[in-house]
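Participant: This is work_0.cif (mmCIF, C-alpha atoms; chains and numbers go by the auth columns).
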```cif
data_query
loop_
_atom_site.group_PDB
_atom_site.id
_atom_site.type_symbol
_atom_site.label_atom_id
_atom_site.label_comp_id
_atom_site.label_asym_id
_atom_site.label_seq_id
_atom_site.Cartn_x
_atom_site.Cartn_y
_atom_site.Cartn_z
_atom_site.B_iso_or_equiv
_atom_site.auth_seq_id
_atom_site.auth_asym_id
ATOM 1 C CA MET A 1 150.184 -3.713 -101.519 0.00 1 A
ATOM 2 C CA ARG A 2 148.299 -3.653 -104.800 0.00 2 A
ATOM 3 C CA ASN A 3 147.740 -6.887 -106.648 0.00 3 A
ATOM 4 C CA GLU A 4 148.822 -7.379 -110.270 0.00 4 A
ATOM 5 C CA LYS A 5 145.386 -6.534 -111.673 0.00 5 A
ATOM 6 C CA GLU A 6 145.247 -3.262 -109.722 0.00 6 A
ATOM 7 C CA MET A 7 148.757 -2.288 -110.855 0.00 7 A
ATOM 8 C CA THR A 8 147.974 -3.083 -114.480 0.00 8 A
ATOM 9 C CA GLU A 9 144.824 -0.967 -114.315 0.00 9 A
ATOM 10 C CA LEU A 10 146.755 1.919 -112.726 0.00 10 A
ATOM 11 C CA ILE A 11 149.507 1.775 -115.365 0.00 11 A
ATOM 12 C CA ILE A 12 147.032 1.672 -118.263 0.00 12 A
ATOM 13 C CA ASP A 13 144.714 4.291 -116.754 0.00 13 A
ATOM 14 C CA PHE A 14 147.628 6.705 -116.379 0.00 14 A
ATOM 15 C CA ALA A 15 148.532 6.203 -120.051 0.00 15 A
ATOM 16 C CA GLN A 16 144.957 6.702 -121.236 0.00 16 A
ATOM 17 C CA LYS A 17 144.584 9.972 -119.305 0.00 17 A
ATOM 18 C CA ASN A 18 147.828 11.508 -120.591 0.00 18 A
ATOM 19 C CA GLU A 19 147.710 12.811 -124.172 0.00 19 A
ATOM 20 C CA ASN A 20 151.510 12.788 -124.301 0.00 20 A
ATOM 21 C CA ILE A 21 151.589 8.980 -123.977 0.00 21 A
ATOM 22 C CA ARG A 22 151.185 7.040 -127.227 0.00 22 A
ATOM 23 C CA ALA A 23 151.863 3.505 -125.963 0.00 23 A
ATOM 24 C CA VAL A 24 152.795 1.600 -122.834 0.00 24 A
ATOM 25 C CA TYR A 25 154.496 -1.739 -122.407 0.00 25 A
ATOM 26 C CA MET A 26 156.024 -3.838 -119.685 0.00 26 A
ATOM 27 C CA ASN A 27 159.309 -5.703 -119.817 0.00 27 A
ATOM 28 C CA GLY A 28 161.362 -7.643 -117.293 0.00 28 A
ATOM 29 C CA SER A 29 160.642 -10.793 -115.320 0.00 29 A
ATOM 30 C CA ARG A 30 156.859 -10.245 -115.158 0.00 30 A
ATOM 31 C CA THR A 31 156.668 -10.669 -118.935 0.00 31 A
ATOM 32 C CA ASN A 32 158.761 -13.832 -119.057 0.00 32 A
ATOM 33 C CA PRO A 33 156.560 -16.943 -118.809 0.00 33 A
ATOM 34 C CA ASN A 34 159.614 -19.015 -117.816 0.00 34 A
ATOM 35 C CA VAL A 35 160.185 -17.003 -114.629 0.00 35 A
ATOM 36 C CA PRO A 36 158.152 -18.194 -111.646 0.00 36 A
ATOM 37 C CA LYS A 37 156.006 -15.467 -110.107 0.00 37 A
ATOM 38 C CA ASP A 38 157.004 -14.291 -106.660 0.00 38 A
ATOM 39 C CA MET A 39 156.386 -11.350 -104.346 0.00 39 A
ATOM 40 C CA PHE A 40 159.727 -9.737 -105.232 0.00 40 A
ATOM 41 C CA GLN A 41 158.979 -9.121 -108.917 0.00 41 A
ATOM 42 C CA ASP A 42 158.860 -5.451 -109.753 0.00 42 A
ATOM 43 C CA TYR A 43 157.079 -3.567 -112.517 0.00 43 A
ATOM 44 C CA ASP A 44 159.296 -2.449 -115.399 0.00 44 A
ATOM 45 C CA ILE A 45 157.170 -0.059 -117.432 0.00 45 A
ATOM 46 C CA VAL A 46 157.958 1.910 -120.591 0.00 46 A
ATOM 47 C CA TYR A 47 155.756 4.782 -121.709 0.00 47 A
ATOM 48 C CA VAL A 48 156.242 5.836 -125.337 0.00 48 A
ATOM 49 C CA VAL A 49 155.638 9.588 -125.371 0.00 49 A
ATOM 50 C CA THR A 50 155.558 12.517 -127.779 0.00 50 A
ATOM 51 C CA GLU A 51 158.182 14.307 -125.665 0.00 51 A
ATOM 52 C CA THR A 52 160.072 13.516 -122.470 0.00 52 A
ATOM 53 C CA ALA A 53 160.545 17.026 -121.016 0.00 53 A
ATOM 54 C CA ALA A 54 157.146 17.166 -119.315 0.00 54 A
ATOM 55 C CA PHE A 55 157.975 14.041 -117.290 0.00 55 A
ATOM 56 C CA ILE A 56 161.496 15.183 -116.467 0.00 56 A
ATOM 57 C CA ASN A 57 160.678 18.763 -115.478 0.00 57 A
ATOM 58 C CA ASP A 58 157.520 18.125 -113.444 0.00 58 A
ATOM 59 C CA LYS A 59 157.756 14.902 -111.470 0.00 59 A
ATOM 60 C CA SER A 60 154.417 15.295 -109.683 0.00 60 A
ATOM 61 C CA TRP A 61 153.022 12.529 -111.952 0.00 61 A
ATOM 62 C CA ILE A 62 155.093 9.966 -110.028 0.00 62 A
ATOM 63 C CA HIS A 63 152.778 10.214 -107.007 0.00 63 A
ATOM 64 C CA THR A 64 150.032 8.669 -109.156 0.00 64 A
ATOM 65 C CA PHE A 65 151.771 5.355 -108.525 0.00 65 A
ATOM 66 C CA GLY A 66 152.206 5.728 -104.765 0.00 66 A
ATOM 67 C CA ASP A 67 154.258 7.408 -102.078 0.00 67 A
ATOM 68 C CA LEU A 68 157.848 7.759 -103.251 0.00 68 A
ATOM 69 C CA ILE A 69 160.496 6.428 -100.875 0.00 69 A
ATOM 70 C CA MET A 70 163.541 6.689 -103.118 0.00 70 A
ATOM 71 C CA MET A 71 164.274 7.445 -106.765 0.00 71 A
ATOM 72 C CA LYS A 72 167.327 7.287 -109.012 0.00 72 A
ATOM 73 C CA GLU A 73 167.541 8.998 -112.372 0.00 73 A
ATOM 74 C CA PRO A 74 170.422 7.249 -114.161 0.00 74 A
ATOM 75 C CA ASP A 75 170.090 9.466 -117.230 0.00 75 A
ATOM 76 C CA LYS A 76 170.410 12.606 -115.103 0.00 76 A
ATOM 77 C CA ASP A 77 173.946 11.580 -114.206 0.00 77 A
ATOM 78 C CA ASN A 78 174.606 10.107 -117.663 0.00 78 A
ATOM 79 C CA PHE A 79 175.214 6.891 -115.731 0.00 79 A
ATOM 80 C CA GLY A 80 177.108 4.292 -117.729 0.00 80 A
ATOM 81 C CA ARG A 81 177.125 6.330 -120.924 0.00 81 A
ATOM 82 C CA GLU A 82 179.604 8.548 -122.606 0.00 82 A
ATOM 83 C CA THR A 83 177.331 9.539 -125.471 0.00 83 A
ATOM 84 C CA GLY A 84 176.080 12.835 -124.064 0.00 84 A
ATOM 85 C CA ASP A 85 172.598 13.901 -123.081 0.00 85 A
ATOM 86 C CA ASN A 86 169.887 11.837 -124.782 0.00 86 A
ATOM 87 C CA SER A 87 167.073 12.828 -122.424 0.00 87 A
ATOM 88 C CA ASP A 88 165.033 14.211 -125.309 0.00 88 A
ATOM 89 C CA ARG A 89 164.816 10.622 -126.623 0.00 89 A
ATOM 90 C CA SER A 90 164.487 8.521 -123.466 0.00 90 A
ATOM 91 C CA TYR A 91 164.731 8.949 -119.728 0.00 91 A
ATOM 92 C CA GLY A 92 164.548 6.375 -116.963 0.00 92 A
ATOM 93 C CA PHE A 93 163.260 6.591 -113.418 0.00 93 A
ATOM 94 C CA LEU A 94 164.144 3.824 -110.947 0.00 94 A
ATOM 95 C CA MET A 95 161.741 4.075 -108.025 0.00 95 A
ATOM 96 C CA PHE A 96 160.906 2.528 -104.714 0.00 96 A
ATOM 97 C CA LEU A 97 157.334 3.364 -103.841 0.00 97 A
ATOM 98 C CA GLN A 98 155.543 2.569 -100.605 0.00 98 A
ATOM 99 C CA MET A 99 154.777 -1.164 -100.927 0.00 99 A
ATOM 100 C CA GLU A 100 155.737 -1.237 -104.641 0.00 100 A
ATOM 101 C CA ILE A 101 159.014 -1.360 -106.543 0.00 101 A
ATOM 102 C CA GLY A 102 159.796 -0.782 -110.187 0.00 102 A
ATOM 103 C CA SER A 103 161.135 1.327 -112.977 0.00 103 A
ATOM 104 C CA ILE A 104 159.497 3.613 -115.478 0.00 104 A
ATOM 105 C CA CYS A 105 161.115 4.802 -118.654 0.00 105 A
ATOM 106 C CA VAL A 106 159.707 7.480 -120.945 0.00 106 A
ATOM 107 C CA CYS A 107 160.796 7.152 -124.562 0.00 107 A
ATOM 108 C CA ARG A 108 159.988 9.623 -127.316 0.00 108 A
ATOM 109 C CA GLN A 109 158.303 8.116 -130.364 0.00 109 A
ATOM 110 C CA LYS A 110 159.088 9.650 -133.736 0.00 110 A
ATOM 111 C CA LYS A 111 156.016 11.058 -135.449 0.00 111 A
ATOM 112 C CA SER A 112 156.872 9.167 -138.620 0.00 112 A
ATOM 113 C CA CYS A 113 156.204 5.941 -136.701 0.00 113 A
ATOM 114 C CA TRP A 114 152.744 6.934 -135.452 0.00 114 A
ATOM 115 C CA LYS A 115 149.821 5.268 -137.125 0.00 115 A
ATOM 116 C CA ASN A 116 146.672 7.221 -137.768 0.00 116 A
ATOM 117 C CA THR A 117 143.848 5.220 -136.215 0.00 117 A
ATOM 118 C CA LYS A 118 141.086 7.717 -137.028 0.00 118 A
#
```
Take the structure in the file and write it out as structure tokens.

Facilitator:
Amino acid sequence: MRNEKEMTELIIDFAQKNENIRAVYMNGSRTNPNVPKDMFQDYDIVYVVTETAAFINDKSWIHTFGDLIMMKEPDKDNFGRETGDNSDRSYGFLMFLQMEIGSICVCRQKKSCWKNTK
């Protein structure tokens, strides 16, 4: 099992190597200072991307994070929503990986919100 530092490095390294990813952040219990740390905390990651289709259509990127045991794609089934297909805006993957557990969401960022850092 990877420690928190190794997971953080893996998550950030993946973002830095993918030109489609503009930002990455973590939410959930790991980000809440009032929640005691324990071995059952998962990693809830959001990648802000230029487009979601590449992640949805080719899921080989998932193996970067480990050996996949099980995955649920709530947006694929429009789970809990009656608003139609919004996968071009955001798409979630709930995954159990060998020795790791967590969720990854890819959310499209509007170009008008990007800041030119050059």

Participant: Counting only C-alpha atoms, which residue out of A:Ile21, A:Tyr47, A:Asp42, A:Asp75 sits closest to Leu97 of chain A?

Facilitator: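 Distance minimum relative to Leu97 of chain A lands on A:Asp42.
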
Participant: Could you state which residues are captured by the PyMOL selection byres ((chain A and resi 53) around 10) in this file, as a list of chain:residue names?

Facilitator: A:Val49, A:Thr50, A:Glu51, A:Thr52, A:Ala54, A:Phe55, A:Ile56, A:Asn57, A:Asp58, A:Ser87, A:Asp88, A:Arg89, A:Ser90, A:Tyr91, A:Val106, A:Arg108

Participant: Pick out the closest residue to Thr64 of chain A from this set: A:Leu10, A:Met95, A:Ala23, A:Arg2. Count all atoms listed in the file.

Facilitator: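 The closest residue to Thr64 of chain A is A:Leu10.
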
Participant: Mind pulling up the distance from atom CA of Lys76 of chain A to atom CA of Ala15 of chain A?

Facilitator: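 One can read the atom CA of Ala15 of chain A to atom CA of Lys76 of chain A distance as 23.3 Å.
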
Participant: I need the residue set behind the PyMOL selection byres ((chain A and resi 12) around 12) for this file; please write it as a list in words.

Facilitator: Lys5, Glu6, Met7, Thr8, Glu9, Leu10, Ile11, Asp13, Phe14, Ala15, Gln16, Lys17, Asn18, Ile21, Arg22, Ala23, Val24, Tyr25, Met26, Ile45, Val46, Tyr47, Thr64 and Phe65 of chain A
